file model.txt (compact mmCIF, C-alpha atoms and all ligand atoms)
# COMPACT_ATOMS: atom_id res chain seq x y z
CA MET A 1 141.67 3.19 -80.45
CA LYS A 2 138.94 5.87 -80.38
CA ILE A 3 135.71 4.11 -81.34
CA ALA A 4 132.35 5.73 -82.17
CA VAL A 5 129.76 3.11 -81.19
CA PHE A 6 126.41 3.61 -82.95
CA SER A 7 122.94 2.16 -82.21
CA THR A 8 123.75 1.66 -78.55
CA LYS A 9 121.20 0.56 -75.98
CA ALA A 10 121.86 0.21 -72.26
CA TYR A 11 122.71 -3.48 -72.71
CA ASP A 12 125.31 -2.66 -75.40
CA ARG A 13 126.97 -0.11 -73.13
CA GLN A 14 127.00 -2.61 -70.27
CA PHE A 15 128.60 -5.49 -72.17
CA LEU A 16 130.97 -3.37 -74.29
CA SER A 17 132.21 -1.42 -71.26
CA ALA A 18 132.79 -4.67 -69.33
CA ALA A 19 134.76 -6.18 -72.23
CA ASN A 20 136.81 -2.98 -72.58
CA SER A 21 138.15 -3.17 -69.05
CA PRO A 22 140.96 -2.10 -68.48
CA LYS A 23 140.00 0.59 -70.98
CA GLU A 24 142.15 -0.51 -73.88
CA HIS A 25 139.94 1.47 -76.24
CA GLU A 26 138.28 4.87 -75.89
CA LEU A 27 134.55 4.39 -76.44
CA ALA A 28 131.96 7.05 -77.32
CA PHE A 29 128.41 5.68 -77.26
CA PHE A 30 125.83 7.15 -79.62
CA GLU A 31 122.16 6.14 -79.55
CA PRO A 32 121.34 7.01 -83.19
CA ARG A 33 121.89 4.61 -86.02
CA LEU A 34 124.72 5.30 -88.39
CA ASN A 35 123.60 6.72 -91.73
CA ARG A 36 124.62 9.58 -93.97
CA ASP A 37 122.92 12.10 -91.62
CA THR A 38 124.50 10.86 -88.39
CA ALA A 39 127.97 9.99 -89.78
CA ILE A 40 129.14 13.46 -88.66
CA LEU A 41 129.11 12.14 -85.08
CA ALA A 42 132.07 9.93 -86.00
CA ALA A 43 134.30 12.85 -87.05
CA GLY A 44 137.79 12.22 -85.73
CA PHE A 45 137.15 8.59 -84.79
CA PRO A 46 139.42 6.12 -86.62
CA ALA A 47 136.97 3.30 -85.83
CA VAL A 48 133.20 3.04 -85.96
CA CYS A 49 131.19 0.19 -84.43
CA VAL A 50 127.72 -0.65 -85.80
CA PHE A 51 124.88 -3.19 -85.66
CA VAL A 52 122.30 -4.69 -88.04
CA HIS A 53 120.22 -1.59 -88.84
CA ASP A 54 123.04 0.88 -89.38
CA GLN A 55 123.35 1.96 -93.01
CA VAL A 56 126.92 1.43 -94.08
CA ASP A 57 126.22 2.41 -97.68
CA ALA A 58 128.49 4.24 -100.12
CA PRO A 59 127.45 7.82 -99.18
CA THR A 60 127.88 7.07 -95.46
CA LEU A 61 131.26 5.43 -96.05
CA GLU A 62 132.40 8.44 -98.10
CA ILE A 63 131.57 10.78 -95.19
CA LEU A 64 133.31 8.47 -92.71
CA ALA A 65 136.42 8.25 -94.91
CA SER A 66 136.57 12.03 -95.35
CA GLN A 67 136.47 12.41 -91.53
CA GLY A 68 139.32 9.95 -90.92
CA THR A 69 137.54 6.67 -90.19
CA ARG A 70 139.56 3.66 -91.39
CA LEU A 71 137.72 0.79 -89.73
CA VAL A 72 134.09 -0.26 -89.39
CA ALA A 73 133.51 -3.02 -86.83
CA LEU A 74 130.18 -4.81 -87.15
CA ARG A 75 128.73 -6.20 -83.92
CA CYS A 76 126.86 -8.79 -85.98
CA ALA A 77 127.39 -11.60 -88.48
CA GLY A 78 125.24 -10.47 -91.42
CA PHE A 79 126.71 -7.69 -93.57
CA ASN A 80 123.92 -7.11 -96.09
CA ASN A 81 123.79 -3.49 -94.78
CA VAL A 82 127.39 -2.78 -95.87
CA ASP A 83 128.59 -1.71 -99.31
CA LEU A 84 131.78 -3.78 -99.31
CA GLN A 85 132.93 -2.51 -102.70
CA ALA A 86 132.62 1.12 -101.60
CA ALA A 87 134.51 0.30 -98.40
CA ALA A 88 137.32 -1.33 -100.43
CA ASP A 89 137.48 1.66 -102.80
CA LEU A 90 137.74 4.02 -99.80
CA GLU A 91 140.30 1.74 -98.06
CA ILE A 92 138.03 1.25 -95.06
CA THR A 93 138.48 -2.12 -93.36
CA ILE A 94 135.31 -4.02 -92.39
CA VAL A 95 135.32 -6.63 -89.63
CA ARG A 96 132.41 -8.59 -88.17
CA VAL A 97 131.45 -11.10 -85.49
CA PRO A 98 130.75 -14.22 -87.54
CA ALA A 99 129.29 -16.31 -84.71
CA TYR A 100 128.06 -15.11 -81.36
CA SER A 101 124.95 -17.02 -80.53
CA PRO A 102 124.22 -19.91 -82.89
CA TYR A 103 122.64 -21.81 -79.96
CA GLY A 104 120.62 -18.76 -78.93
CA VAL A 105 119.16 -18.28 -82.43
CA ALA A 106 118.46 -21.99 -82.99
CA GLU A 107 116.85 -22.26 -79.55
CA HIS A 108 114.68 -19.22 -80.31
CA ALA A 109 113.55 -20.87 -83.56
CA VAL A 110 112.57 -23.92 -81.49
CA GLY A 111 110.72 -21.60 -79.11
CA LEU A 112 108.69 -20.24 -82.01
CA ILE A 113 107.97 -23.78 -83.26
CA LEU A 114 106.77 -25.01 -79.87
CA SER A 115 104.72 -21.88 -79.15
CA LEU A 116 103.01 -21.89 -82.54
CA ASN A 117 102.34 -25.61 -82.49
CA ARG A 118 100.84 -25.72 -79.00
CA LYS A 119 99.42 -22.16 -79.24
CA ILE A 120 101.20 -21.16 -76.04
CA HIS A 121 100.95 -17.46 -76.98
CA ARG A 122 97.16 -17.79 -77.10
CA ALA A 123 96.90 -20.00 -74.04
CA TYR A 124 98.88 -17.47 -71.98
CA ASN A 125 96.36 -14.73 -72.72
CA ARG A 126 93.34 -16.99 -72.27
CA VAL A 127 94.32 -18.27 -68.85
CA ARG A 128 95.01 -14.74 -67.62
CA GLU A 129 91.42 -13.88 -68.55
CA GLY A 130 89.96 -16.95 -66.90
CA ASN A 131 89.27 -18.64 -70.24
CA PHE A 132 90.22 -22.30 -69.90
CA SER A 133 88.63 -23.49 -73.14
CA LEU A 134 90.81 -25.73 -75.32
CA GLU A 135 88.98 -24.82 -78.54
CA GLY A 136 91.51 -23.68 -81.13
CA LEU A 137 94.55 -24.88 -79.17
CA LEU A 138 94.96 -28.24 -80.90
CA GLY A 139 98.58 -29.00 -81.78
CA PHE A 140 100.49 -31.94 -83.25
CA ASN A 141 103.30 -34.19 -82.07
CA LEU A 142 106.70 -33.08 -83.35
CA ASN A 143 107.85 -36.70 -83.22
CA ASP A 144 107.88 -38.23 -86.73
CA ARG A 145 107.26 -34.86 -88.45
CA THR A 146 109.57 -33.62 -91.19
CA VAL A 147 111.52 -30.42 -90.69
CA GLY A 148 113.07 -28.63 -93.68
CA ILE A 149 116.16 -26.54 -92.93
CA ILE A 150 117.24 -24.04 -95.57
CA GLY A 151 120.83 -23.02 -94.83
CA THR A 152 122.69 -25.64 -92.82
CA GLY A 153 125.58 -23.60 -91.43
CA LYS A 154 126.12 -23.01 -87.73
CA ILE A 155 122.53 -22.17 -86.75
CA GLY A 156 120.80 -24.55 -89.18
CA LEU A 157 122.92 -27.46 -87.95
CA ILE A 158 122.08 -26.76 -84.29
CA LEU A 159 118.38 -26.54 -85.15
CA GLY A 160 118.76 -29.94 -86.87
CA GLN A 161 120.38 -31.39 -83.76
CA ILE A 162 117.59 -30.11 -81.52
CA MET A 163 114.77 -31.22 -83.82
CA LYS A 164 116.40 -34.63 -84.18
CA GLY A 165 116.04 -34.88 -80.40
CA PHE A 166 112.28 -34.39 -80.82
CA GLY A 167 112.21 -37.37 -83.21
CA CYS A 168 111.84 -35.30 -86.38
CA HIS A 169 113.06 -36.27 -89.86
CA LEU A 170 115.36 -33.70 -91.44
CA LEU A 171 115.40 -32.49 -95.03
CA ALA A 172 117.90 -29.80 -95.95
CA TYR A 173 118.83 -27.39 -98.70
CA ASP A 174 122.08 -25.48 -98.94
CA VAL A 175 124.51 -24.56 -101.69
CA TYR A 176 127.11 -26.58 -99.75
CA ARG A 177 126.46 -29.81 -97.91
CA ASN A 178 127.28 -29.95 -94.20
CA PRO A 179 128.54 -33.47 -93.40
CA GLU A 180 127.55 -33.02 -89.74
CA LEU A 181 123.92 -32.62 -90.77
CA GLU A 182 124.16 -35.74 -92.92
CA MET A 183 125.64 -37.63 -89.95
CA LEU A 184 122.46 -36.70 -88.04
CA GLY A 185 120.45 -38.42 -90.77
CA GLY A 186 119.57 -35.19 -92.59
CA LYS A 187 119.00 -35.59 -96.32
CA TYR A 188 119.89 -32.86 -98.80
CA VAL A 189 117.22 -32.31 -101.46
CA GLU A 190 116.35 -29.60 -103.97
CA LEU A 191 113.97 -26.88 -102.82
CA PRO A 192 110.83 -28.20 -104.55
CA GLU A 193 111.22 -31.57 -102.77
CA LEU A 194 111.80 -29.80 -99.45
CA PHE A 195 108.77 -27.57 -99.99
CA THR A 196 106.41 -30.45 -100.78
CA ASN A 197 107.52 -32.79 -97.98
CA CYS A 198 108.05 -30.68 -94.88
CA ASP A 199 105.65 -29.98 -92.02
CA ILE A 200 107.94 -27.25 -90.71
CA ILE A 201 110.33 -25.12 -92.78
CA SER A 202 112.96 -23.00 -91.03
CA LEU A 203 115.18 -20.46 -92.81
CA HIS A 204 118.85 -20.17 -91.82
CA CYS A 205 120.62 -18.90 -94.94
CA PRO A 206 122.00 -15.36 -95.35
CA LEU A 207 120.19 -12.67 -97.30
CA THR A 208 121.82 -12.44 -100.73
CA PRO A 209 120.47 -11.59 -104.19
CA GLU A 210 119.92 -15.36 -104.65
CA THR A 211 117.92 -15.79 -101.42
CA HIS A 212 115.89 -12.54 -101.62
CA HIS A 213 112.18 -13.55 -101.45
CA LEU A 214 113.13 -17.23 -101.44
CA ILE A 215 109.67 -17.81 -99.99
CA ASN A 216 107.44 -16.20 -102.61
CA ALA A 217 104.10 -17.03 -104.23
CA GLU A 218 105.70 -19.71 -106.41
CA ALA A 219 107.29 -21.43 -103.39
CA ILE A 220 104.04 -21.20 -101.44
CA GLU A 221 102.30 -22.99 -104.35
CA GLN A 222 104.64 -25.92 -103.79
CA ILE A 223 104.61 -26.20 -100.00
CA LYS A 224 102.74 -28.88 -98.11
CA PRO A 225 99.37 -27.51 -97.00
CA ARG A 226 99.32 -26.24 -93.39
CA VAL A 227 103.11 -25.90 -93.26
CA MET A 228 104.68 -24.04 -90.33
CA LEU A 229 107.13 -21.43 -91.62
CA ILE A 230 109.90 -20.08 -89.36
CA ASN A 231 112.26 -17.22 -90.20
CA THR A 232 114.93 -16.14 -87.73
CA SER A 233 117.42 -15.21 -90.45
CA ARG A 234 116.64 -12.04 -92.42
CA GLY A 235 113.21 -10.57 -93.20
CA ALA A 236 113.67 -10.24 -96.95
CA LEU A 237 114.03 -14.01 -97.36
CA ILE A 238 110.24 -13.89 -97.29
CA ASP A 239 107.87 -12.01 -99.59
CA THR A 240 105.59 -10.94 -96.74
CA GLN A 241 102.65 -10.04 -98.99
CA ALA A 242 102.75 -13.51 -100.58
CA VAL A 243 102.95 -15.10 -97.13
CA ILE A 244 99.91 -13.09 -95.99
CA GLU A 245 98.00 -14.48 -98.99
CA GLY A 246 99.20 -17.98 -98.01
CA LEU A 247 97.97 -17.44 -94.44
CA LYS A 248 94.61 -16.13 -95.66
CA SER A 249 94.08 -19.13 -97.94
CA GLY A 250 95.16 -21.54 -95.18
CA LYS A 251 98.05 -22.93 -97.27
CA ILE A 252 100.43 -21.71 -94.59
CA GLY A 253 99.35 -23.19 -91.26
CA SER A 254 101.41 -20.89 -89.08
CA LEU A 255 104.22 -18.37 -89.25
CA GLY A 256 106.91 -17.56 -86.72
CA VAL A 257 109.27 -14.70 -87.52
CA ASP A 258 111.98 -12.90 -85.59
CA VAL A 259 112.87 -10.76 -88.59
CA TYR A 260 110.84 -8.65 -91.01
CA GLU A 261 111.79 -7.05 -94.31
CA GLN A 262 111.01 -3.49 -93.14
CA GLU A 263 112.07 -4.11 -89.54
CA SER A 264 114.56 -1.24 -89.43
CA GLU A 265 111.57 1.13 -89.14
CA LEU A 266 110.27 -0.77 -86.11
CA PHE A 267 112.50 -3.14 -84.24
CA PHE A 268 114.63 -2.33 -81.18
CA GLU A 269 112.47 0.74 -80.34
CA ASP A 270 109.49 1.18 -77.98
CA LEU A 271 106.74 2.33 -80.34
CA SER A 272 103.88 1.32 -78.02
CA GLY A 273 102.55 4.90 -77.89
CA GLU A 274 102.74 5.47 -81.64
CA ILE A 275 100.59 4.64 -84.64
CA ILE A 276 102.43 2.00 -86.66
CA GLN A 277 102.29 3.08 -90.30
CA ASP A 278 103.38 -0.24 -91.81
CA ASP A 279 100.08 -1.84 -92.92
CA ILE A 280 101.70 -5.11 -94.01
CA PHE A 281 103.27 -5.58 -90.59
CA GLN A 282 100.01 -4.63 -88.87
CA ARG A 283 98.11 -7.17 -90.99
CA LEU A 284 100.56 -9.86 -89.89
CA THR A 285 99.85 -9.10 -86.24
CA THR A 286 96.14 -9.82 -86.73
CA PHE A 287 96.56 -13.55 -87.44
CA PRO A 288 96.13 -15.86 -84.44
CA ASN A 289 98.60 -18.29 -86.04
CA VAL A 290 101.39 -15.74 -86.48
CA LEU A 291 104.02 -15.16 -83.80
CA ILE A 292 106.42 -12.25 -84.24
CA THR A 293 109.41 -11.36 -82.10
CA GLY A 294 111.48 -8.22 -82.72
CA HIS A 295 114.90 -9.59 -83.76
CA GLN A 296 115.62 -10.98 -80.32
CA ALA A 297 116.80 -14.47 -81.33
CA PHE A 298 120.43 -13.51 -80.72
CA PHE A 299 119.68 -11.77 -77.44
CA THR A 300 121.34 -13.90 -74.78
CA GLU A 301 123.96 -13.02 -72.16
CA GLU A 302 126.42 -15.29 -73.93
CA ALA A 303 125.84 -13.54 -77.25
CA LEU A 304 126.33 -10.01 -75.89
CA HIS A 305 129.50 -11.15 -74.12
CA ASN A 306 130.84 -12.84 -77.28
CA ILE A 307 129.92 -9.86 -79.47
CA ALA A 308 131.82 -7.46 -77.19
CA GLU A 309 134.89 -9.70 -76.83
CA THR A 310 135.16 -10.46 -80.56
CA THR A 311 134.54 -6.85 -81.56
CA PHE A 312 137.45 -5.60 -79.45
CA ALA A 313 139.70 -8.47 -80.53
CA ASN A 314 138.95 -7.56 -84.18
CA ILE A 315 139.67 -3.86 -83.56
CA THR A 316 142.91 -4.62 -81.69
CA ASP A 317 144.08 -6.91 -84.53
CA ILE A 318 143.58 -4.14 -87.09
CA GLU A 319 145.03 -1.44 -84.80
CA GLN A 320 148.20 -3.50 -84.27
CA GLY A 321 148.56 -4.32 -87.97
CA ARG A 322 147.81 -8.02 -87.59
CA SER A 323 145.67 -9.91 -90.07
CA CYS A 324 142.14 -10.33 -88.71
CA LYS A 325 140.29 -13.56 -89.46
CA ASN A 326 136.98 -11.72 -89.21
CA GLU A 327 137.76 -9.14 -91.88
CA ILE A 328 135.32 -9.21 -94.80
CA ARG A 329 136.12 -8.02 -98.28
CA ALA A 330 134.17 -7.48 -101.47
CA GLN A 331 134.25 -10.72 -103.45
CA PRO A 332 134.36 -10.96 -107.19
CA GLU A 333 131.04 -12.38 -108.40
CA VAL A 334 131.31 -16.00 -107.31
CA GLU A 335 128.92 -18.48 -108.84
CA ALA A 336 127.14 -20.29 -105.99
CA LYS A 337 128.28 -23.83 -106.58
CA ALA A 338 125.36 -26.17 -106.12
CA LEU A 339 126.89 -29.35 -104.79
CA ILE A 340 123.51 -30.97 -104.68
CA SER A 341 122.93 -33.04 -107.77
P1 LIG B 401 126.41 -19.61 -91.52
O1 LIG B 401 127.25 -18.81 -92.47
O2 LIG B 401 127.10 -20.51 -90.54
O3 LIG B 401 125.37 -20.50 -92.37
C1 LIG B 401 124.66 -20.00 -93.46
C2 LIG B 401 124.43 -21.15 -94.42
O4 LIG B 401 123.62 -20.66 -95.50
C3 LIG B 401 125.72 -21.70 -95.03
O5 LIG B 401 125.78 -23.10 -94.89
C4 LIG B 401 125.62 -21.29 -96.50
O6 LIG B 401 126.23 -22.22 -97.39
C5 LIG B 401 124.11 -21.26 -96.68
N1 LIG B 401 123.70 -20.54 -97.86
C6 LIG B 401 124.31 -19.49 -98.49
N2 LIG B 401 123.63 -19.16 -99.60
C7 LIG B 401 122.59 -20.01 -99.69
C8 LIG B 401 121.54 -20.18 -100.62
N3 LIG B 401 121.44 -19.41 -101.70
N4 LIG B 401 120.63 -21.16 -100.40
C9 LIG B 401 120.73 -21.97 -99.31
N5 LIG B 401 121.72 -21.86 -98.39
C10 LIG B 401 122.63 -20.89 -98.58
O7 LIG B 401 125.48 -18.56 -90.80
P2 LIG B 401 124.71 -18.76 -89.40
O8 LIG B 401 125.57 -18.31 -88.29
O9 LIG B 401 124.11 -20.11 -89.36
O10 LIG B 401 123.57 -17.65 -89.57
C11 LIG B 401 122.53 -17.80 -90.52
C12 LIG B 401 121.77 -16.49 -90.64
O11 LIG B 401 121.11 -16.21 -89.41
C13 LIG B 401 122.67 -15.25 -90.85
O12 LIG B 401 122.91 -15.06 -92.22
C14 LIG B 401 121.86 -14.13 -90.26
O13 LIG B 401 121.13 -13.51 -91.30
C15 LIG B 401 120.89 -14.82 -89.32
N6 LIG B 401 121.06 -14.42 -87.91
C16 LIG B 401 119.97 -13.98 -87.25
C17 LIG B 401 120.06 -13.62 -85.90
C18 LIG B 401 118.87 -13.15 -85.12
O14 LIG B 401 119.02 -12.61 -84.01
N7 LIG B 401 117.65 -13.30 -85.61
C19 LIG B 401 121.32 -13.70 -85.26
C20 LIG B 401 122.41 -14.19 -85.97
C21 LIG B 401 122.28 -14.55 -87.30
call {"tool": "encode", "arguments": {"input": "model.txt", "output": "structure tokens", "more": "lines below"}}
Ligand code: NAD
result
Amino acid sequence: MKIAVFSTKAYDRQFLSAANSPKEHELAFFEPRLNRDTAILAAGFPAVCVFVHDQVDAPTLEILASQGTRLVALRCAGFNNVDLQAAADLEITIVRVPAYSPYGVAEHAVGLILSLNRKIHRAYNRVREGNFSLEGLLGFNLNDRTVGIIGTGKIGLILGQIMKGFGCHLLAYDVYRNPELEMLGGKYVELPELFTNCDIISLHCPLTPETHHLINAEAIEQIKPRVMLINTSRGALIDTQAVIEGLKSGKIGSLGVDVYEQESELFFEDLSGEIIQDDIFQRLTTFPNVLITGHQAFFTEEALHNIAETTFANITDIEQGRSCKNEIRAQPEVEAKALIS
């Protein structure tokens, strides 16, 4: 199938080209993100392939449909950037890669936890400048600390397994219980109990209307003082302004984020020679107890390989008229069933 691949970097081209050997599909790589202005590039392509910052909204889908596109293949798991109802109305099929690096993301979350706790990001700079003072580098043992995991699917479960290895206690919140987390000794509680009892809170649920700004001023009121907050999921799970206030007051002890609500303006690009206009982001970078990475938690060799393989398998399924297990469709409004009593 002819596929217009948007948002491509050198590493995307490398892994997608390798997975497409022996050239089953005809790939055209485009550097720009897909949106209503760039959709023209996909004219004549029955399939379009996109990533997390491409805007697959109704106006973009309408342009794609009018140009003959029938399939949008996401190279990612999250689909909060896709208007599924518009796609259904326009008879455009949407497929995704539901899991490509759960270990990579969970391990990155652990990297943020360890770095923030032992101030490795600060120590690295100090030692390079000949400053061997330990002032300000005091950490705590992870053993016997309580970790709260919000969203205990694939990534949340792996984080639980790793933190269990450090000797941590696990509290969890999810709309569905994961028996594997309970077998680890994890205890499901309501959010207020998780907020008040955890030394570290890590977010692993999807961004939905229910989880938007899950960590807001009200939640920060409830959290244990000096909590470490980790977000490798989606930026808008956190109300960044409220978190900045929490950092300023000392209620939040440290913050590690791989995602940021307005990240599409920043992440994946080299802006080192430019003036960053986002004052909220810039404020975040001034805290010594904040560690930000630019949506790199997924970025492992295994993940790029899995993304490429699954993307082409999805496209081939649809091309050959088979049902595709990774197709996503607009759902009627389903009440999130809280199984936690
Ligand atoms: P998953 O679907 O396996 O797990 C998500 C869990 O969240 C599920 O158990 C689900 O029941 C739960 N959930 C849904 N709504 C909830 C709510 N309102 N409150 C609490 N829990 C809720 O997904 P996963 O593979 O573990 O990925 C988790 C998230 O990680 C994704 O949604 C994505 O946003 C993010 N992600 C980030 C990166 C990265 O590079 N930073 C890479 C991959 C995924």
call {"tool": "residues_near_ligand", "arguments": {"input": "model.txt", "ligand": "ligand LIG 401 (chain B)", "cutoff": "9 Å", "atoms": "only C-alpha atoms and all ligand atoms", "output": "ChimeraX atom specification"}}
result
/A:76-80,98-102,104-106,108-109,150-158,172-178,203-212,214,231-235,257-259,294-299,336,338
call {"tool": "closest_residue", "arguments": {"input": "model.txt", "among": "A:Arg36, A:Asp83, A:Ile200, A:Asp278", "to": "A:Asp144", "atoms": "all atoms listed in the file"}}
result
A:Ile200
call {"tool": "closest_residue", "arguments": {"input": "model.txt", "among": "A:Thr310, A:Ser17, A:Thr240, A:Thr293", "to": "A:Ile280", "atoms": "all atoms listed in the file"}}
result
A:Thr240
call {"tool": "atom_distance", "arguments": {"input": "model.txt", "atom1": "atom CA of A:Glu274", "atom2": "atom CA of A:Thr8"}}
result
21.6 Å
call {"tool": "atom_distance", "arguments": {"input": "model.txt", "atom1": "atom CA of A:Thr285", "atom2": "atom CA of A:Tyr124"}}
result
16.6 Å
call {"tool": "closest_residue", "arguments": {"input": "model.txt", "among": "A:Arg126, A:Val110, A:Ala19, A:Val72", "to": "A:Leu34", "atoms": "all atoms listed in the file"}}
result
A:Val72
call {"tool": "closest_residue", "arguments": {"input": "model.txt", "among": "A:Glu327, A:Lys251, A:Phe166, A:Gly256", "to": "A:Ala88", "atoms": "only C-alpha atoms"}}
result
A:Glu327
call {"tool": "decode", "arguments": {"input": "model.txt", "residues": "stretch 147-164 of chain A", "atoms": "N, CA and C atoms", "output": "short mmCIF file (atom, residue, chain, number, x, y, z; two decimals), in the first residue's frame"}}
result
data_model
loop_
_atom_site.label_atom_id
_atom_site.label_comp_id
_atom_site.auth_asym_id
_atom_site.auth_seq_id
_atom_site.Cartn_x
_atom_site.Cartn_y
_atom_site.Cartn_z
N VAL A 147 4.76 3.51 47.24
CA VAL A 147 4.62 4.04 45.88
C VAL A 147 3.15 3.92 45.46
N GLY A 148 2.59 5.00 44.98
CA GLY A 148 1.21 4.99 44.48
C GLY A 148 1.22 4.95 42.96
N ILE A 149 0.53 3.98 42.40
CA ILE A 149 0.50 3.84 40.93
C ILE A 149 -0.93 4.11 40.47
N ILE A 150 -1.09 5.12 39.65
CA ILE A 150 -2.42 5.46 39.13
C ILE A 150 -2.47 4.97 37.69
N GLY A 151 -3.28 3.95 37.44
CA GLY A 151 -3.32 3.28 36.14
C GLY A 151 -2.41 2.07 36.21
N THR A 152 -3.03 0.89 36.38
CA THR A 152 -2.22 -0.32 36.59
C THR A 152 -2.38 -1.28 35.42
N GLY A 153 -2.27 -0.73 34.21
CA GLY A 153 -2.26 -1.57 33.00
C GLY A 153 -0.86 -2.10 32.79
N LYS A 154 -0.45 -2.13 31.51
CA LYS A 154 0.84 -2.77 31.19
C LYS A 154 2.01 -2.06 31.86
N ILE A 155 2.07 -0.72 31.72
CA ILE A 155 3.23 0.01 32.23
C ILE A 155 3.18 0.11 33.76
N GLY A 156 1.99 0.42 34.28
CA GLY A 156 1.84 0.55 35.74
C GLY A 156 2.21 -0.73 36.46
N LEU A 157 1.81 -1.88 35.88
CA LEU A 157 2.13 -3.17 36.50
C LEU A 157 3.64 -3.38 36.54
N ILE A 158 4.32 -3.09 35.42
CA ILE A 158 5.78 -3.30 35.37
C ILE A 158 6.47 -2.38 36.38
N LEU A 159 5.98 -1.13 36.48
CA LEU A 159 6.57 -0.24 37.48
C LEU A 159 6.39 -0.87 38.87
N GLY A 160 5.21 -1.42 39.13
CA GLY A 160 4.96 -2.07 40.43
C GLY A 160 5.94 -3.20 40.68
N GLN A 161 6.18 -4.00 39.64
CA GLN A 161 7.12 -5.13 39.79
C GLN A 161 8.52 -4.62 40.14
N ILE A 162 8.94 -3.57 39.43
CA ILE A 162 10.30 -3.06 39.68
C ILE A 162 10.40 -2.46 41.09
N MET A 163 9.39 -1.66 41.45
CA MET A 163 9.46 -0.98 42.76
C MET A 163 9.34 -1.99 43.90
N LYS A 164 8.61 -3.08 43.64
CA LYS A 164 8.53 -4.15 44.64
C LYS A 164 9.93 -4.69 44.90
#
